[in-house]
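Participant: Please find input02.tsv (TSV, C-alpha atoms) on the next line:
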```tsv
chain	number	residue	atom	x	y	z
A	193	MET	CA	0.20	-44.98	101.03
A	194	THR	CA	3.34	-44.83	98.88
A	195	MET	CA	3.34	-46.29	95.38
A	196	VAL	CA	6.47	-46.95	93.41
A	197	TRP	CA	6.03	-46.89	89.63
A	198	GLY	CA	8.89	-49.11	88.58
A	199	THR	CA	9.41	-52.22	86.56
A	200	ASP	CA	7.75	-54.62	89.02
A	201	THR	CA	4.89	-55.85	86.84
A	202	ARG	CA	2.88	-57.41	89.69
A	203	ALA	CA	3.08	-54.22	91.79
A	204	ARG	CA	2.10	-52.13	88.77
A	205	GLN	CA	-0.87	-54.40	87.99
A	206	LEU	CA	-2.03	-54.21	91.59
A	207	ALA	CA	-1.71	-50.43	91.63
A	208	ILE	CA	-3.66	-50.14	88.37
A	209	GLY	CA	-6.34	-52.45	89.79
A	210	VAL	CA	-6.71	-50.28	92.89
A	211	ILE	CA	-6.94	-47.15	90.74
A	212	VAL	CA	-9.52	-48.72	88.42
A	213	VAL	CA	-11.69	-49.81	91.37
A	214	ALA	CA	-11.45	-46.29	92.83
A	215	ALA	CA	-12.22	-44.72	89.45
A	216	VAL	CA	-15.27	-46.91	88.87
A	217	THR	CA	-16.47	-46.14	92.38
A	218	LEU	CA	-16.06	-42.42	91.69
A	219	GLY	CA	-17.79	-42.78	88.32
A	220	THR	CA	-14.88	-42.04	85.98
A	221	GLY	CA	-14.92	-45.34	84.11
A	222	ALA	CA	-12.43	-48.17	84.15
A	223	ALA	CA	-11.25	-47.67	80.57
A	224	ASP	CA	-10.19	-44.05	81.18
A	225	ALA	CA	-8.47	-44.95	84.43
A	226	THR	CA	-6.67	-47.99	83.01
A	227	ARG	CA	-5.50	-46.10	79.93
A	228	ALA	CA	-4.21	-43.21	82.04
A	229	ALA	CA	-2.48	-45.50	84.53
A	230	ALA	CA	-0.84	-47.58	81.84
A	231	THR	CA	0.42	-44.61	79.84
A	232	THR	CA	1.34	-41.77	82.15
A	233	GLY	CA	1.14	-42.87	85.76
A	234	PRO	CA	-0.24	-41.14	88.85
A	235	ARG	CA	-0.46	-37.64	87.37
A	236	ALA	CA	-2.92	-38.72	84.65
A	237	ILE	CA	-4.98	-40.64	87.21
A	238	ARG	CA	-5.35	-37.47	89.27
A	239	THR	CA	-6.55	-35.60	86.18
A	240	VAL	CA	-9.19	-38.25	85.39
A	241	ALA	CA	-10.38	-38.23	89.01
A	242	ASP	CA	-10.36	-34.40	89.11
A	243	ARG	CA	-12.62	-34.14	86.06
A	244	SER	CA	-15.17	-36.43	87.63
A	245	ALA	CA	-15.21	-34.52	90.93
A	246	VAL	CA	-17.95	-32.21	89.62
A	247	ASN	CA	-19.90	-34.77	87.57
A	248	GLY	CA	-23.62	-34.23	87.83
A	249	THR	CA	-26.62	-32.17	86.78
A	250	TYR	CA	-26.99	-28.74	88.33
A	251	ARG	CA	-29.58	-25.98	88.20
A	252	VAL	CA	-29.48	-22.25	88.80
A	253	THR	CA	-31.97	-19.43	88.17
A	254	ILE	CA	-30.65	-16.13	86.83
A	255	SER	CA	-32.77	-12.97	86.85
A	256	ASP	CA	-32.44	-9.72	84.93
A	257	ALA	CA	-31.41	-8.10	88.24
A	258	ASP	CA	-28.59	-10.68	88.65
A	259	LEU	CA	-27.26	-9.77	85.21
A	260	ARG	CA	-27.46	-6.01	85.87
A	261	ALA	CA	-25.76	-6.43	89.27
A	262	ASN	CA	-22.82	-8.09	87.52
A	263	GLY	CA	-22.30	-5.38	84.90
A	264	VAL	CA	-24.49	-6.60	82.03
A	265	THR	CA	-26.14	-3.47	80.62
A	266	ASP	CA	-27.18	-4.36	77.06
A	267	PRO	CA	-30.97	-4.97	77.03
A	268	GLY	CA	-30.60	-7.69	74.36
A	269	ALA	CA	-27.99	-9.54	76.42
A	270	ILE	CA	-30.22	-9.34	79.49
A	271	ARG	CA	-33.25	-10.57	77.51
A	272	GLU	CA	-31.26	-13.57	76.16
A	273	ASN	CA	-29.50	-14.66	79.35
A	274	HIS	CA	-32.05	-15.01	82.13
A	275	GLY	CA	-34.10	-18.00	83.16
A	276	ILE	CA	-33.54	-21.44	84.61
A	277	PHE	CA	-30.24	-22.99	83.54
A	278	THR	CA	-29.56	-26.70	83.79
A	279	TRP	CA	-25.88	-27.68	83.48
A	280	PHE	CA	-24.72	-31.19	82.68
A	281	LEU	CA	-21.09	-31.87	83.68
A	282	HIS	CA	-19.49	-35.20	82.89
A	283	ASP	CA	-15.80	-36.15	82.78
A	284	GLY	CA	-14.54	-32.93	81.20
A	285	SER	CA	-17.52	-32.12	78.97
A	286	TRP	CA	-20.38	-29.74	79.75
A	287	ARG	CA	-23.73	-28.89	78.16
A	288	LEU	CA	-26.25	-26.24	79.04
A	289	HIS	CA	-30.03	-26.03	78.70
A	290	GLN	CA	-31.87	-22.74	79.28
A	291	ARG	CA	-35.58	-22.54	80.10
A	292	THR	CA	-37.14	-19.11	79.73
A	293	SER	CA	-40.36	-17.52	78.54
A	294	ASN	CA	-38.53	-15.96	75.58
A	295	PRO	CA	-36.04	-18.52	74.23
A	296	VAL	CA	-33.59	-16.94	71.82
A	297	ASN	CA	-30.57	-19.21	71.60
A	298	PRO	CA	-30.76	-22.97	71.09
A	299	PRO	CA	-28.53	-25.11	73.31
A	300	GLY	CA	-24.95	-25.09	72.08
A	301	PRO	CA	-22.77	-28.12	71.49
A	302	PRO	CA	-20.97	-29.83	74.36
A	303	ALA	CA	-17.83	-27.97	75.38
A	304	PRO	CA	-14.80	-28.95	77.46
A	305	TYR	CA	-13.83	-28.12	81.00
A	306	THR	CA	-10.74	-29.00	83.00
A	307	VAL	CA	-10.31	-29.41	86.74
A	308	LYS	CA	-7.03	-29.14	88.62
A	309	GLY	CA	-7.52	-29.31	92.36
A	310	ASP	CA	-9.89	-26.51	93.36
A	311	ARG	CA	-9.63	-24.75	89.97
A	312	ILE	CA	-11.93	-25.33	87.04
A	313	THR	CA	-11.77	-23.83	83.56
A	314	PHE	CA	-14.78	-23.78	81.24
A	315	VAL	CA	-14.29	-23.31	77.48
A	316	PHE	CA	-17.08	-21.69	75.47
A	317	ALA	CA	-15.58	-21.51	71.94
A	318	ALA	CA	-15.92	-25.24	71.24
A	319	PRO	CA	-16.36	-26.53	67.68
A	320	GLY	CA	-19.89	-25.71	66.57
A	321	ALA	CA	-20.31	-22.89	69.09
A	322	PRO	CA	-21.78	-19.62	67.82
A	323	PRO	CA	-19.32	-16.88	66.86
A	324	GLY	CA	-18.33	-14.43	69.55
A	325	ALA	CA	-18.13	-16.96	72.37
A	326	PRO	CA	-16.47	-15.57	75.51
A	327	PRO	CA	-12.92	-16.51	76.44
A	328	PRO	CA	-12.34	-19.44	78.82
A	329	LEU	CA	-13.37	-18.80	82.43
A	330	THR	CA	-11.18	-20.06	85.29
A	331	MET	CA	-12.64	-20.21	88.80
A	332	ARG	CA	-12.19	-21.81	92.18
A	333	TRP	CA	-14.92	-24.33	92.93
A	334	LYS	CA	-16.36	-25.90	96.04
A	335	LEU	CA	-19.10	-28.53	96.29
A	336	ALA	CA	-20.82	-28.50	99.68
A	337	SER	CA	-24.32	-29.58	100.73
A	338	ARG	CA	-25.19	-30.41	97.08
A	339	GLU	CA	-24.37	-26.86	95.98
A	340	LEU	CA	-21.54	-25.97	93.62
A	341	HIS	CA	-20.00	-22.56	94.38
A	342	PHE	CA	-17.66	-20.67	92.06
A	343	THR	CA	-15.30	-17.72	92.57
A	344	VAL	CA	-13.86	-16.11	89.43
A	345	ILE	CA	-10.09	-16.11	89.03
A	346	ARG	CA	-9.90	-14.84	85.43
A	347	GLY	CA	-11.55	-14.79	82.02
A	348	GLY	CA	-15.08	-15.04	80.77
A	349	ASP	CA	-17.29	-12.03	80.27
A	350	PRO	CA	-19.93	-10.40	82.52
A	351	ILE	CA	-22.66	-12.75	81.28
A	352	VAL	CA	-20.88	-16.04	81.96
A	353	ARG	CA	-19.42	-14.71	85.22
A	354	THR	CA	-23.01	-13.96	86.29
A	355	LEU	CA	-24.23	-17.43	85.29
A	356	PHE	CA	-21.50	-19.08	87.33
A	357	THR	CA	-21.33	-16.84	90.40
A	358	ALA	CA	-24.66	-15.06	91.02
A	359	HIS	CA	-25.99	-18.07	92.96
A	360	PRO	CA	-24.73	-21.55	93.88
A	361	TRP	CA	-25.65	-24.27	91.45
A	362	LYS	CA	-27.93	-26.83	93.11
A	363	LYS	CA	-27.06	-30.44	92.32
A	364	ILE	CA	-30.19	-32.16	91.06
A	365	GLY	CA	-28.72	-35.33	89.60
```
Represent the supplied structure as structure tokens.

Facilitator:
Amino acid sequence: MTMVWGTDTRARQLAIGVIVVAAVTLGTGAADATRAAATTGPRAIRTVADRSAVNGTYRVTISDADLRANGVTDPGAIRENHGIFTWFLHDGSWRLHQRTSNPVNPPGPPAPYTVKGDRITFVFAAPGAPPGAPPPLTMRWKLASRELHFTVIRGGDPIVRTLFTAHPWKKIG
């Protein structure tokens, strides 16, 4: 389908209506879709839809052996970064909850992520995050059979690369 973004008000309203219906169906929200369509056109709509492509709740279990296999050698870092991780991804914002027998770090504040096609970038140094947060991590992603798979492109540190790539994240919600 070809859309022309010109001065034809009726055509523009129809196009925005189609995008809003698609956005609501995909779970992005009509307000975001309408605002993006009205202000910046098709490119912004793709960005809104991209962010929602990974929306959901995911779970992964990370062991001490997973951390060691990915280059984490500090005993304190291993002790703090194993367990069952539940990730909440929603429209460009993520949160993490860790369940372990020896909790050390409380859950951090929500942080942003961006999606462009098959690439996703997670930011860890969000406002309110503890000092020393790793640099952003950019990866390729694929969601298949309710499992989210990541392949590192650049960034992060050995701990976050392990959390994202040691095992697929299972979609639980």

Participant: Closest to A:Val352 among A:Gly284, A:Gly268, A:Pro302, A:Pro328, using all atoms listed in the file?

Facilitator: A:Pro328

Participant: Provide the atom CA of A:Leu281 to atom CA of A:Asp349 distance in Å, to one decimal place.

Facilitator: 20.5 Å

Participant: So which one's closest to A:Pro350, A:Thr249, A:Trp279, A:Ala303, A:Pro326? Using only C-alpha atoms, please.

Facilitator: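 Counting only C-alpha atoms, the residue closest to A:Pro350 is A:Pro326.
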
Participant: So which one's closest to A:Phe280, A:Leu335, A:Val307, A:Arg251, A:Pro267? Using all atoms listed in the file, please.

Facilitator: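 When distances to A:Phe280 are compared using all atoms listed in the file, the smallest one comes from A:Arg251.
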
Participant: To one decimal place, how far is atom CA of A:Phe316 from atom CA of A:Gln290 in Å?

Facilitator: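 Taking atom CA of A:Phe316 as the start and atom CA of A:Gln290 as the end point, the length is 15.3 Å.
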
Participant: Dump as a PyMOL selection string all residues having an atom at most 10 Å from (-24.5, -29.8, 96.1), computed in the file's coordinates with all atoms listed in the file.

Facilitator: chain A and resi 246+248-250+334-341+360-365

Participant: Restricted to C-alpha atoms, what would the selected residues look like written as a PDB file, keeping the file's coordinate frame?

Facilitator:
```pdb
ATOM      1  CA  VAL A 246     -17.950 -32.210  89.620  1.00  0.00           C
ATOM      2  CA  GLY A 248     -23.620 -34.230  87.830  1.00  0.00           C
ATOM      3  CA  THR A 249     -26.620 -32.170  86.780  1.00  0.00           C
ATOM      4  CA  TYR A 250     -26.990 -28.740  88.330  1.00  0.00           C
ATOM      5  CA  LYS A 334     -16.360 -25.900  96.040  1.00  0.00           C
ATOM      6  CA  LEU A 335     -19.100 -28.530  96.290  1.00  0.00           C
ATOM      7  CA  ALA A 336     -20.820 -28.500  99.680  1.00  0.00           C
ATOM      8  CA  SER A 337     -24.320 -29.580 100.730  1.00  0.00           C
ATOM      9  CA  ARG A 338     -25.190 -30.410  97.080  1.00  0.00           C
ATOM     10  CA  GLU A 339     -24.370 -26.860  95.980  1.00  0.00           C
ATOM     11  CA  LEU A 340     -21.540 -25.970  93.620  1.00  0.00           C
ATOM     12  CA  HIS A 341     -20.000 -22.560  94.380  1.00  0.00           C
ATOM     13  CA  PRO A 360     -24.730 -21.550  93.880  1.00  0.00           C
ATOM     14  CA  TRP A 361     -25.650 -24.270  91.450  1.00  0.00           C
ATOM     15  CA  LYS A 362     -27.930 -26.830  93.110  1.00  0.00           C
ATOM     16  CA  LYS A 363     -27.060 -30.440  92.320  1.00  0.00           C
ATOM     17  CA  ILE A 364     -30.190 -32.160  91.060  1.00  0.00           C
ATOM     18  CA  GLY A 365     -28.720 -35.330  89.600  1.00  0.00           C
TER      19      GLY A 365
END
```

Participant: Taking into account all atoms listed in the file, which residue in the set A:Arg260, A:Pro327, A:Asp283, A:Arg271 is nearest to A:Val315?

Facilitator: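 Answer, going by the shortest atom-to-atom distance: A:Pro327.
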
Participant: Would you place a box with edges along x, y and z of the file around all atoms of stretch 315-318 of chain A listed there, add 4 Å to each of its six sides, and report the centre and edge lengths in Å to one decimal, as lines of an AutoDock Vina configuration file?

Facilitator:
```
center_x = -15.7
center_y = -23.4
center_z = 74.4
size_x = 10.8
size_y = 11.7
size_z = 14.2
```

Participant: Using Å and a single decimal, report how far atom CA of A:Thr278 sits from atom CA of A:Gly348.

Facilitator: 18.8 Å

Participant: Restricting the calculation to only C-alpha atoms, which member of A:Leu259, A:Ala269, A:Leu329, A:Ala245 is positioned closest to A:Lys308?

Facilitator: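 Closest to A:Lys308 of all the choices is A:Ala245.
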
Participant: Tell me which protein, DNA and RNA residues are within 8 Å of A:Thr343, counting all atoms listed in the file, leaving out same-chain ones fewer than 2 positions away, and put them as a ChimeraX atom specification.

Facilitator: /A:331-333,341,345,357

Participant: Please work out which residues fall within 10 Å of (-22.9, -27.7, 74.0), coordinates as given in the file, with only C-alpha atoms counting, and return them as a count of residues only.

Facilitator: 20

Participant: Pick from A:His282, A:His359, A:Arg353, A:His274: nearest to A:Tyr305, with all atoms listed in the file counted?

Facilitator: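 Selected residue with least distance to A:Tyr305: A:His282.
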
Participant: Any chance you could build stretch 310-343 of chain A out to N, CA and C atoms and write it as a compact mmCIF listing (two decimals), keeping the file's coordinate frame?

Facilitator:
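So the final result, stored in out18.txt, reads:
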```txt
# COMPACT_ATOMS: atom_id res chain seq x y z
N ASP A 310 -8.70 -27.33 93.13
CA ASP A 310 -9.89 -26.51 93.36
C ASP A 310 -10.12 -25.48 92.26
N ARG A 311 -9.45 -25.66 91.11
CA ARG A 311 -9.63 -24.75 89.97
C ARG A 311 -10.30 -25.48 88.82
N ILE A 312 -11.22 -24.78 88.18
CA ILE A 312 -11.93 -25.33 87.04
C ILE A 312 -11.93 -24.29 85.94
N THR A 313 -11.74 -24.73 84.70
CA THR A 313 -11.77 -23.83 83.56
C THR A 313 -12.80 -24.33 82.56
N PHE A 314 -13.76 -23.47 82.23
CA PHE A 314 -14.78 -23.78 81.24
C PHE A 314 -14.41 -23.10 79.93
N VAL A 315 -14.54 -23.83 78.82
CA VAL A 315 -14.29 -23.31 77.48
C VAL A 315 -15.64 -23.13 76.80
N PHE A 316 -15.81 -21.99 76.13
CA PHE A 316 -17.08 -21.69 75.47
C PHE A 316 -16.98 -21.75 73.95
N ALA A 317 -15.79 -21.53 73.40
CA ALA A 317 -15.58 -21.51 71.94
C ALA A 317 -15.24 -22.91 71.43
N ALA A 318 -16.11 -23.86 71.71
CA ALA A 318 -15.92 -25.24 71.24
C ALA A 318 -16.35 -25.33 69.78
N PRO A 319 -15.90 -26.36 69.06
CA PRO A 319 -16.36 -26.53 67.68
C PRO A 319 -17.89 -26.56 67.62
N GLY A 320 -18.44 -25.79 66.71
CA GLY A 320 -19.89 -25.71 66.57
C GLY A 320 -20.54 -24.63 67.41
N ALA A 321 -19.76 -23.96 68.26
CA ALA A 321 -20.31 -22.89 69.09
C ALA A 321 -20.56 -21.66 68.22
N PRO A 322 -21.53 -20.83 68.61
CA PRO A 322 -21.78 -19.62 67.82
C PRO A 322 -20.58 -18.68 67.87
N PRO A 323 -20.44 -17.83 66.85
CA PRO A 323 -19.32 -16.88 66.86
C PRO A 323 -19.44 -15.91 68.03
N GLY A 324 -18.33 -15.40 68.47
CA GLY A 324 -18.33 -14.43 69.55
C GLY A 324 -18.40 -15.03 70.93
N ALA A 325 -18.10 -16.31 71.05
CA ALA A 325 -18.13 -16.96 72.37
C ALA A 325 -17.11 -16.29 73.29
N PRO A 326 -17.41 -16.19 74.59
CA PRO A 326 -16.47 -15.57 75.51
C PRO A 326 -15.20 -16.40 75.67
N PRO A 327 -14.15 -15.76 76.18
CA PRO A 327 -12.92 -16.51 76.44
C PRO A 327 -13.13 -17.51 77.57
N PRO A 328 -12.22 -18.48 77.72
CA PRO A 328 -12.34 -19.44 78.82
C PRO A 328 -12.46 -18.72 80.16
N LEU A 329 -13.14 -19.34 81.09
CA LEU A 329 -13.37 -18.80 82.43
C LEU A 329 -12.77 -19.76 83.45
N THR A 330 -11.82 -19.26 84.24
CA THR A 330 -11.18 -20.06 85.29
C THR A 330 -11.68 -19.58 86.64
N MET A 331 -12.08 -20.54 87.48
CA MET A 331 -12.64 -20.21 88.80
C MET A 331 -12.16 -21.22 89.83
N ARG A 332 -12.30 -20.85 91.08
CA ARG A 332 -12.19 -21.81 92.18
C ARG A 332 -13.58 -22.40 92.36
N TRP A 333 -13.63 -23.69 92.72
CA TRP A 333 -14.92 -24.33 92.93
C TRP A 333 -14.93 -25.03 94.27
N LYS A 334 -16.15 -25.18 94.78
CA LYS A 334 -16.36 -25.90 96.04
C LYS A 334 -17.75 -26.52 95.98
N LEU A 335 -17.83 -27.82 96.25
CA LEU A 335 -19.10 -28.53 96.29
C LEU A 335 -19.39 -28.86 97.75
N ALA A 336 -20.45 -28.27 98.29
CA ALA A 336 -20.82 -28.50 99.68
C ALA A 336 -22.35 -28.51 99.79
N SER A 337 -22.87 -29.47 100.51
CA SER A 337 -24.32 -29.58 100.73
C SER A 337 -25.09 -29.56 99.40
N ARG A 338 -24.56 -30.29 98.40
CA ARG A 338 -25.19 -30.41 97.08
C ARG A 338 -25.32 -29.07 96.37
N GLU A 339 -24.42 -28.13 96.68
CA GLU A 339 -24.37 -26.86 95.98
C GLU A 339 -22.94 -26.62 95.50
N LEU A 340 -22.83 -26.24 94.23
CA LEU A 340 -21.54 -25.97 93.62
C LEU A 340 -21.36 -24.45 93.59
N HIS A 341 -20.31 -23.99 94.27
CA HIS A 341 -20.00 -22.56 94.38
C HIS A 341 -18.77 -22.25 93.55
N PHE A 342 -18.78 -21.09 92.88
CA PHE A 342 -17.66 -20.67 92.06
C PHE A 342 -17.20 -19.27 92.46
N THR A 343 -15.89 -19.04 92.39
CA THR A 343 -15.30 -17.72 92.57
C THR A 343 -14.38 -17.48 91.37
```
